[in-house]
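Before any comments, here is the structure.
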Amino acid sequence: MKAMIFEGPGRPLVLREIETPRPGPGQILIRVLACAVCRTDLHILDGELPRPKLPLALGHEIVGRVEALGEGVAAPALGTRVGVPWLGWTCGECRFCRSGRENLCEKARFTGYDVDGGYAQYACADARYVFPLPDLYSDAEAAPLLCAGLIGYRTLRLAFEGEERLEGRGRRLGLYGFGAAAHLVAQAARHVGFKVYAFTSPGDLAAQDFARSCGAVFAGGSDQPSPEKLDAALIFAPVGALVPTALKALERGGCVCCGGIHMSDVPGFPYADLWEERIIRSVANLTRRDAQEFLALAPRIPARATTVPYPLERASEALEDLRHGRLSGAAVLIPPV
């Protein structure tokens, strides 16, 4: 099979012909139909996330069809279209797994990091961590739901943790960084009644126009003050300086929730900006519950991913377009048939 292989930080991806993997016990083999490109892939490529498996096929927003079942696997059935997310395996035994926090599993393995991902024609996945996909979406449209959508949803949910239901009721939600995750969470937030305020890189008028097209009532540069106090702020840009910026925009009791796996250092800020029970928290990975809830919600909105397709062999180009902000929505790799 063909795969785009990562051999180490600072080295370009290389198109290789490698052996098609075989599913082990508890695994399935899928034929990859589409794989979205995530900023986490850039962090791995740049060496900002240490100790990836090498050599490695990146990619953790995979859509594919089940081609073979490993020992002990009865479902999903052959031919089923499934999605494979970032969280690829957990032990099920540690204190985090036992308390419903499998996203913090001490032995977790991650797709496109610890195990080969979807920058390839085929991939193996743990049968417990794949999900049936709504028929509403094409392969390319479904791929960004599996990380941009899931992490965006978890970030939104954790910003209002403790509430019985996620309801906007006209409350104000700030989104800092308006890419793949933000454009999906904006649609979910508006669906449940939030007013969305989008903050982009200063001067990025294209991103601001894109945010308005996704329903934002305000879109401006992150150097601009928010026109209203925010009940929560979700940060998707990997820029630590946005934390005190967003914190200053919060209403009392509000939450700044950082949705990225990597961020530059957070500068100091006055305690007065944190006081009045404001909260800063991070989001780590996802759970199966997140996937089940969001994949059920997405077609009801209906959430629509804006995608830019690239053939598999142009993966490096897609990553550089993401790095330099040349995308509205998500890049999606399409392997050869």
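So you can find residues: chains in the structure tokens are A, B, ... in the order shown, residues in each start at 1, and ligands are numbered from 1 in order.
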
**OP:** With a distance cut-off of 10 Å and only C-alpha atoms, select the neighbouring residues of A:Arg11, excluding the residue or stretch itself and same-chain residues fewer than 5 positions from it, and output the selection as a ChimeraX atom specification.
**Re:** /A:6,45-46

For the residues selected in the previous step, produce a file with C-alpha atoms as an mmCIF file, in the first residue's frame.
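Output contents, as saved in out15.cif:
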data_model
loop_
_atom_site.group_PDB
_atom_site.id
_atom_site.type_symbol
_atom_site.label_atom_id
_atom_site.label_comp_id
_atom_site.auth_asym_id
_atom_site.auth_seq_id
_atom_site.Cartn_x
_atom_site.Cartn_y
_atom_site.Cartn_z
ATOM 1 C CA PHE A 6 7.126 10.721 8.759
ATOM 2 C CA LEU A 45 6.019 17.098 12.386
ATOM 3 C CA ASP A 46 7.776 20.003 14.120
#

Original post:
Any idea what's packed within 10 Å of A:Gly193, counting only C-alpha atoms, ignoring anything in its chain fewer than 3 positions away? Could you give it as JSON, numbers by chain?
Top reply: {"A": [166, 167, 168, 169, 170, 171, 172, 188, 189, 190, 196]}

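Nearest-residue note for A:Glu251: choosing from A:Gly221, A:Gly174, A:Gly268, A:Gly88, the minimum distance belongs to A:Gly174, counting only C-alpha atoms.
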
List every residue of stretch 106-172 of chain A that has an atom at most 10 Å from any atom of stretch 236-247 of chain A, and for each one report the closest atom pair and its distance in Å to one decimal, counting only C-alpha atoms, with rows sorted by chain and then by increasing residue number, as CSV.
residue,atom,partner,partner_atom,distance
A:Ala148,CA,A:Phe236,CA,9.7
A:Ile151,CA,A:Phe236,CA,9.6
A:Gly152,CA,A:Phe236,CA,8.4
A:Thr155,CA,A:Phe236,CA,9.3

Please report, as CSV, each residue of stretch 72-132 of chain A lying at most 12 Å from stretch 280-297 of chain A, together with the nearest pair of atoms and the separation in Å rounded to one decimal; use only C-alpha atoms, and order rows by chain and ascending residue number.
residue,atom,partner,partner_atom,distance
A:Val82,CA,A:Leu295,CA,11.4
A:Gly83,CA,A:Ala291,CA,9.7
A:Val84,CA,A:Ala291,CA,10.0
A:Pro85,CA,A:Ala291,CA,8.6
A:Trp86,CA,A:Asn285,CA,7.1
A:Leu87,CA,A:Asn285,CA,6.6
A:Gly88,CA,A:Leu286,CA,10.2
A:Trp89,CA,A:Thr287,CA,10.6
A:Thr90,CA,A:Thr287,CA,10.1
A:Phe96,CA,A:Thr287,CA,11.3
A:Cys97,CA,A:Thr287,CA,10.0
A:Ser99,CA,A:Thr287,CA,11.9
A:Gly100,CA,A:Thr287,CA,8.4
A:Arg101,CA,A:Thr287,CA,7.3
A:Glu102,CA,A:Thr287,CA,6.2
A:Asn103,CA,A:Leu286,CA,5.2
A:Leu104,CA,A:Ala284,CA,7.1
A:Cys105,CA,A:Asn285,CA,10.0
A:Ala108,CA,A:Asn285,CA,10.0
A:Arg109,CA,A:Asn285,CA,10.8
A:Phe110,CA,A:Asn285,CA,9.1
A:Thr111,CA,A:Asn285,CA,11.2
A:Ala127,CA,A:Arg288,CA,11.9
A:Arg128,CA,A:Arg288,CA,8.8
A:Tyr129,CA,A:Arg288,CA,7.1
A:Val130,CA,A:Arg288,CA,8.8
A:Phe131,CA,A:Ala291,CA,7.5
A:Pro132,CA,A:Leu295,CA,8.6

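When only C-alpha atoms are used to measure the gap to A:Glu61, the shortest distance among A:Leu78, A:Ala180, A:Leu15, A:Leu230 belongs to A:Ala180.
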
Tell me, as a CSV table (one decimal) with N, CA and C atoms, in the first residue's frame, which residues lie within 9 Å of A:Asp41, counting only C-alpha atoms; anything in the same chain fewer than 4 positions away does not count.
chain,number,residue,atom,x,y,z
A,37,VAL,N,-6.6,16.7,7.9
A,37,VAL,CA,-5.3,17.1,8.4
A,37,VAL,C,-5.6,18.0,9.6
A,45,LEU,N,5.1,16.9,13.5
A,45,LEU,CA,6.0,17.1,12.4
A,45,LEU,C,7.1,18.0,12.9
A,46,ASP,N,6.8,19.0,13.7
A,46,ASP,CA,7.8,20.0,14.1
A,46,ASP,C,8.5,19.6,15.4
A,58,LEU,N,1.1,9.6,9.8
A,58,LEU,CA,0.3,10.6,10.6
A,58,LEU,C,-1.2,10.4,10.3
A,59,GLY,N,-2.0,11.1,11.0
A,59,GLY,CA,-3.4,11.2,10.6
A,59,GLY,C,-4.4,10.5,11.6
A,60,HIS,N,-5.3,11.3,12.2
A,60,HIS,CA,-6.2,10.7,13.2
A,60,HIS,C,-7.6,11.2,13.0
A,112,GLY,N,-2.1,7.9,14.8
A,112,GLY,CA,-1.2,8.8,14.0
A,112,GLY,C,-0.1,9.4,14.9
A,113,TYR,N,0.2,8.7,16.0
A,113,TYR,CA,1.3,9.2,17.0
A,113,TYR,C,1.9,7.9,17.6
A,319,LEU,N,-0.4,20.4,4.8
A,319,LEU,CA,0.1,20.8,6.1
A,319,LEU,C,0.7,22.2,6.1

DSSP on the backbone, then: every residue of stretch 23-168 of chain A marked strand (DSSP E or B), written as a PDB file with C-alpha atoms, in the first residue's frame.
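Contents of result.pdb, freshly written:
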ATOM      1  CA  GLN A  27      -8.423  -4.721  15.914  1.00  0.00           C
ATOM      2  CA  ILE A  28     -10.009  -4.086  12.534  1.00  0.00           C
ATOM      3  CA  LEU A  29      -8.388  -3.256   9.211  1.00  0.00           C
ATOM      4  CA  ILE A  30      -9.952  -0.365   7.345  1.00  0.00           C
ATOM      5  CA  ARG A  31      -9.477   0.891   3.812  1.00  0.00           C
ATOM      6  CA  VAL A  32      -8.964   4.624   4.212  1.00  0.00           C
ATOM      7  CA  LEU A  33     -11.397   6.741   2.205  1.00  0.00           C
ATOM      8  CA  ALA A  34     -10.435  10.147   3.626  1.00  0.00           C
ATOM      9  CA  CYS A  35      -8.259  11.578   6.395  1.00  0.00           C
ATOM     10  CA  ALA A  36      -8.465  15.174   7.572  1.00  0.00           C
ATOM     11  CA  LEU A  56       4.977   6.869  11.297  1.00  0.00           C
ATOM     12  CA  ALA A  57       1.920   7.456   9.145  1.00  0.00           C
ATOM     13  CA  ILE A  62      -9.915   8.806   9.447  1.00  0.00           C
ATOM     14  CA  VAL A  63     -12.953   7.684   7.484  1.00  0.00           C
ATOM     15  CA  GLY A  64     -12.809   4.179   6.058  1.00  0.00           C
ATOM     16  CA  ARG A  65     -14.567   0.878   5.435  1.00  0.00           C
ATOM     17  CA  VAL A  66     -13.933  -2.257   7.427  1.00  0.00           C
ATOM     18  CA  GLU A  67     -11.915  -4.720   5.334  1.00  0.00           C
ATOM     19  CA  ALA A  68     -10.946  -7.392   7.892  1.00  0.00           C
ATOM     20  CA  LEU A  69     -11.563  -8.320  11.537  1.00  0.00           C
ATOM     21  CA  ARG A  81     -18.111   2.833   7.166  1.00  0.00           C
ATOM     22  CA  VAL A  82     -16.448   3.987  10.376  1.00  0.00           C
ATOM     23  CA  GLY A  83     -14.504   6.891  11.787  1.00  0.00           C
ATOM     24  CA  VAL A  84     -11.239   6.622  13.718  1.00  0.00           C
ATOM     25  CA  LEU A  87      -7.762   8.352  21.078  1.00  0.00           C
ATOM     26  CA  GLY A  88      -6.904   4.917  19.732  1.00  0.00           C
ATOM     27  CA  TRP A  89      -6.584   2.626  22.771  1.00  0.00           C
ATOM     28  CA  ARG A 109      -2.228   5.188  22.660  1.00  0.00           C
ATOM     29  CA  PHE A 110      -3.039   7.750  20.024  1.00  0.00           C
ATOM     30  CA  THR A 111      -3.807   7.352  16.334  1.00  0.00           C
ATOM     31  CA  VAL A 115       0.135   3.816  16.075  1.00  0.00           C
ATOM     32  CA  ALA A 120      -2.168   5.816   4.008  1.00  0.00           C
ATOM     33  CA  TYR A 122      -5.060   1.192   4.915  1.00  0.00           C
ATOM     34  CA  ALA A 123      -4.911   1.429   8.702  1.00  0.00           C
ATOM     35  CA  CYS A 124      -5.596  -0.808  11.699  1.00  0.00           C
ATOM     36  CA  ALA A 125      -7.653   0.423  14.642  1.00  0.00           C
ATOM     37  CA  ASP A 126      -8.930  -0.881  17.967  1.00  0.00           C
ATOM     38  CA  PHE A 131     -17.591   4.854  15.368  1.00  0.00           C
ATOM     39  CA  PRO A 132     -20.325   4.511  12.739  1.00  0.00           C
TER      40      PRO A 132
END

Original post:
What lies within 9 Å of A:Ile301 using only C-alpha atoms, ignoring chain neighbours under 2 positions off, as a list in words?
Top reply: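 Answer for this query is Gln187, Ala188, His191, Leu297, Ala298, Pro299, Ala303 and Arg304 of chain A.
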
Take the selection from the previous step and output its residues with N, CA and C atoms, as a compact mmCIF listing (two decimals), in the first residue's frame.
# COMPACT_ATOMS: atom_id res chain seq x y z
N GLN A 187 -21.16 26.23 14.78
CA GLN A 187 -22.46 25.75 14.33
C GLN A 187 -23.20 25.03 15.46
N ALA A 188 -22.47 24.21 16.23
CA ALA A 188 -23.08 23.50 17.36
C ALA A 188 -23.56 24.49 18.42
N HIS A 191 -26.64 26.33 17.40
CA HIS A 191 -27.79 25.41 17.41
C HIS A 191 -28.45 25.35 18.78
N LEU A 297 -25.41 14.48 17.42
CA LEU A 297 -25.86 15.87 17.32
C LEU A 297 -25.60 16.46 15.94
N ALA A 298 -24.46 16.15 15.34
CA ALA A 298 -24.03 16.82 14.11
C ALA A 298 -25.09 16.82 13.00
N PRO A 299 -25.72 15.67 12.68
CA PRO A 299 -26.71 15.72 11.61
C PRO A 299 -28.00 16.44 11.97
N ALA A 303 -24.50 20.18 11.20
CA ALA A 303 -23.16 20.76 11.10
C ALA A 303 -22.55 20.39 9.76
N ARG A 304 -21.95 21.37 9.10
CA ARG A 304 -21.34 21.13 7.79
C ARG A 304 -19.87 21.55 7.83

Original post:
DSSP says helix (DSSP H, G or I) for which residues of stretch 40-69 of chain A? Put them as a PyMOL selection string?
Top reply: chain A and resi 40-45
